[in-house]
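Chemist: You'll find start-v5.cif just under this line, and it carries mmCIF, C-alpha atoms.
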```
data_final
loop_
_atom_site.group_PDB
_atom_site.id
_atom_site.type_symbol
_atom_site.label_atom_id
_atom_site.label_comp_id
_atom_site.auth_asym_id
_atom_site.auth_seq_id
_atom_site.Cartn_x
_atom_site.Cartn_y
_atom_site.Cartn_z
ATOM 1 C CA MET A 1 0.000 0.000 0.000
ATOM 2 C CA SER A 2 1.263 3.475 -0.762
ATOM 3 C CA GLU A 3 1.866 5.837 2.109
ATOM 4 C CA GLU A 4 -0.458 8.443 0.614
ATOM 5 C CA MET A 5 -3.824 8.415 2.319
ATOM 6 C CA ASP A 6 -5.887 10.675 0.074
ATOM 7 C CA GLY A 7 -9.342 9.373 0.928
ATOM 8 C CA LEU A 8 -11.643 10.526 3.679
ATOM 9 C CA ILE A 9 -14.893 9.026 4.967
ATOM 10 C CA SER A 10 -17.331 11.360 6.681
ATOM 11 C CA PHE A 11 -19.921 10.040 9.134
ATOM 12 C CA TYR A 12 -23.227 11.047 10.714
ATOM 13 C CA ALA A 13 -21.959 10.336 14.242
ATOM 14 C CA SER A 14 -18.643 9.588 15.924
ATOM 15 C CA HIS A 15 -19.645 6.067 16.996
ATOM 16 C CA HIS A 16 -20.010 5.146 13.295
ATOM 17 C CA ALA A 17 -16.463 6.416 12.669
ATOM 18 C CA ILE A 18 -15.059 4.399 15.569
ATOM 19 C CA ARG A 19 -16.846 1.261 14.383
ATOM 20 C CA ALA A 20 -15.619 1.755 10.789
ATOM 21 C CA ASP A 21 -12.065 2.162 12.082
ATOM 22 C CA LYS A 22 -12.332 -1.138 13.990
ATOM 23 C CA VAL A 23 -13.957 -3.064 11.113
ATOM 24 C CA LEU A 24 -11.448 -1.864 8.502
ATOM 25 C CA ARG A 25 -8.408 -2.491 10.714
ATOM 26 C CA GLU A 26 -9.650 -6.038 11.354
ATOM 27 C CA ASP A 27 -9.829 -6.496 7.555
ATOM 28 C CA GLY A 28 -6.216 -5.335 7.141
ATOM 29 C CA PHE A 29 -6.743 -1.782 5.881
ATOM 30 C CA THR A 30 -4.523 1.062 7.036
ATOM 31 C CA VAL A 31 -6.837 3.790 8.333
ATOM 32 C CA THR A 32 -6.560 6.763 10.693
ATOM 33 C CA LEU A 33 -9.230 8.622 12.639
ATOM 34 C CA ILE A 34 -8.844 12.393 12.266
ATOM 35 C CA PRO A 35 -10.880 15.525 13.062
ATOM 36 C CA GLY A 36 -13.519 15.839 10.336
ATOM 37 C CA PRO A 37 -13.087 18.834 8.001
ATOM 38 C CA ARG A 38 -16.183 21.055 8.310
ATOM 39 C CA GLU A 39 -16.052 21.957 4.607
ATOM 40 C CA LEU A 40 -16.910 18.327 3.764
ATOM 41 C CA SER A 41 -19.390 17.390 6.464
ATOM 42 C CA PRO A 42 -20.868 19.339 9.362
ATOM 43 C CA ASN A 43 -22.486 16.170 10.771
ATOM 44 C CA CYS A 44 -19.667 14.633 12.789
ATOM 45 C CA GLY A 45 -16.388 15.877 14.177
ATOM 46 C CA VAL A 46 -14.544 12.648 13.274
ATOM 47 C CA ALA A 47 -13.492 11.340 9.853
ATOM 48 C CA LEU A 48 -11.531 8.319 8.677
ATOM 49 C CA ARG A 49 -8.492 8.705 6.443
ATOM 50 C CA PHE A 50 -7.512 5.926 4.010
ATOM 51 C CA GLU A 51 -6.080 5.253 0.543
ATOM 52 C CA TYR A 52 -8.742 6.432 -1.959
ATOM 53 C CA ALA A 53 -7.842 3.718 -4.484
ATOM 54 C CA GLN A 54 -9.407 1.213 -2.058
ATOM 55 C CA SER A 55 -12.778 3.026 -1.933
ATOM 56 C CA GLU A 56 -14.900 0.339 -3.562
ATOM 57 C CA ALA A 57 -13.494 -2.473 -1.410
ATOM 58 C CA ILE A 58 -14.000 -0.351 1.709
ATOM 59 C CA LEU A 59 -17.606 0.450 0.738
ATOM 60 C CA VAL A 60 -18.390 -3.233 0.249
ATOM 61 C CA ILE A 61 -16.955 -4.163 3.673
ATOM 62 C CA LEU A 62 -18.699 -1.320 5.492
ATOM 63 C CA ALA A 63 -22.021 -2.136 3.804
ATOM 64 C CA ASP A 64 -21.609 -5.828 4.664
ATOM 65 C CA LYS A 65 -20.941 -4.949 8.326
ATOM 66 C CA LYS A 66 -23.803 -2.402 8.276
ATOM 67 C CA VAL A 67 -21.552 0.510 9.225
ATOM 68 C CA ARG A 68 -23.345 3.754 8.369
ATOM 69 C CA ILE A 69 -21.301 6.414 6.556
ATOM 70 C CA ASP A 70 -22.069 9.855 5.157
ATOM 71 C CA THR A 71 -19.814 10.017 2.091
ATOM 72 C CA ILE A 72 -16.407 8.948 0.781
ATOM 73 C CA HIS A 73 -14.297 11.838 -0.467
ATOM 74 C CA GLU A 74 -11.100 12.080 -2.449
ATOM 75 C CA TYR A 75 -9.588 14.816 -0.363
ATOM 76 C CA ARG A 76 -6.310 16.662 -0.268
ATOM 77 C CA PRO A 77 -6.338 19.631 2.086
ATOM 78 C CA ARG A 78 -4.308 22.664 1.187
ATOM 79 C CA VAL A 79 -1.975 21.869 4.082
ATOM 80 C CA ALA A 80 1.173 20.298 2.672
ATOM 81 C CA ASN A 81 1.950 18.094 5.697
ATOM 82 C CA TRP A 82 -1.368 16.186 5.461
ATOM 83 C CA THR A 83 -0.362 14.268 2.326
ATOM 84 C CA LYS A 84 3.257 15.460 2.205
ATOM 85 C CA LYS A 85 2.617 17.451 -0.952
ATOM 86 C CA THR A 86 1.033 20.768 -1.814
ATOM 87 C CA THR A 87 -2.280 20.948 -3.615
ATOM 88 C CA SER A 88 -3.721 23.972 -5.325
ATOM 89 C CA ALA A 89 -6.887 25.885 -4.475
ATOM 90 C CA LYS A 90 -8.452 24.724 -7.745
ATOM 91 C CA ASP A 91 -8.430 21.061 -6.582
ATOM 92 C CA THR A 92 -11.947 19.981 -5.730
ATOM 93 C CA PRO A 93 -12.926 16.927 -3.705
ATOM 94 C CA ARG A 94 -14.513 13.989 -5.526
ATOM 95 C CA ARG A 95 -17.330 12.180 -3.759
ATOM 96 C CA LEU A 96 -18.365 8.560 -3.865
ATOM 97 C CA SER A 97 -21.438 7.311 -2.072
ATOM 98 C CA LEU A 98 -23.075 3.943 -1.619
ATOM 99 C CA ALA A 99 -25.837 5.025 -4.014
ATOM 100 C CA GLY A 100 -23.225 5.735 -6.692
ATOM 101 C CA LEU A 101 -21.678 2.322 -6.200
ATOM 102 C CA TRP A 102 -24.936 0.400 -6.519
ATOM 103 C CA ASN A 103 -26.394 2.400 -9.435
ATOM 104 C CA ARG A 104 -23.429 2.415 -11.800
ATOM 105 C CA GLY A 105 -24.853 -0.255 -14.081
ATOM 106 C CA ASP A 106 -21.632 -2.358 -14.098
#
```
Mind converting the file's structure to structure tokens?
Modeler:
Amino acid sequence: MSEEMDGLISFYASHHAIRADKVLREDGFTVTLIPGPRELSPNCGVALRFEYAQSEAILVILADKKVRIDTIHEYRPRVANWTKKTTSAKDTPRRLSLAGLWNRGD
């Protein structure tokens, strides 16, 4: 796994974030609980950081374990030390939700 954790899961409540952290760690994913950025979700003060390339696998596991999430974001804050590189103001977060996963028509 790369060391860049450019994905972020927002939640409706902190207990969902804590449960997601536990479930994903048990499945071998590298995740980190962090303060939730208010620009992405005002619902909960906790978010889960992970490698965005693993989004679909993470969604499947969380859905299987009935862990409730708000949204998955591809997110790179403008603070260089978060991902160890600088991003520009024109970068916009991409969002992936459970509805988008199930309705893709694959």
Chemist: Could you give me, as a VMD selection string, the residues within 12 Å of range 60-69 of chain A, counting only C-alpha atoms and dropping anything in the same chain fewer than 3 positions from it?
Modeler: chain A and resid 8 to 29 41 43 to 44 46 to 48 54 to 57 72 to 73 96 to 99 101 to 102
Chemist: Quick one: axis-aligned box around all listed atoms of range 26-34 of chain A, 8 Å on every side, centre and edge lengths in Å to one decimal, written as AutoDock Vina command-line options.
Modeler:
```
--center_x -7.2 --center_y 2.9 --center_z 9.3 --size_x 21.3 --size_y 34.9 --size_z 22.8
```
Chemist: Determine the residue membership of the PyMOL selection byres ((chain A and resi 49) around 9) for the file above and supply it as a list in words.
Modeler: Met5, Asp6, Gly7, Leu8, Ile9, Thr30, Val31, Thr32, Leu33, Ile34, Ala47, Leu48, Phe50, Glu51 and Tyr52 of chain A
Chemist: Restricting the output to C-alpha atoms, write the selected residues as an mmCIF file, in the coordinates of the input.
Modeler:
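Final output, part14.cif:
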```
data_model
loop_
_atom_site.group_PDB
_atom_site.id
_atom_site.type_symbol
_atom_site.label_atom_id
_atom_site.label_comp_id
_atom_site.auth_asym_id
_atom_site.auth_seq_id
_atom_site.Cartn_x
_atom_site.Cartn_y
_atom_site.Cartn_z
ATOM 1 C CA MET A 5 -3.824 8.415 2.319
ATOM 2 C CA ASP A 6 -5.887 10.675 0.074
ATOM 3 C CA GLY A 7 -9.342 9.373 0.928
ATOM 4 C CA LEU A 8 -11.643 10.526 3.679
ATOM 5 C CA ILE A 9 -14.893 9.026 4.967
ATOM 6 C CA THR A 30 -4.523 1.062 7.036
ATOM 7 C CA VAL A 31 -6.837 3.790 8.333
ATOM 8 C CA THR A 32 -6.560 6.763 10.693
ATOM 9 C CA LEU A 33 -9.230 8.622 12.639
ATOM 10 C CA ILE A 34 -8.844 12.393 12.266
ATOM 11 C CA ALA A 47 -13.492 11.340 9.853
ATOM 12 C CA LEU A 48 -11.531 8.319 8.677
ATOM 13 C CA PHE A 50 -7.512 5.926 4.010
ATOM 14 C CA GLU A 51 -6.080 5.253 0.543
ATOM 15 C CA TYR A 52 -8.742 6.432 -1.959
#
```
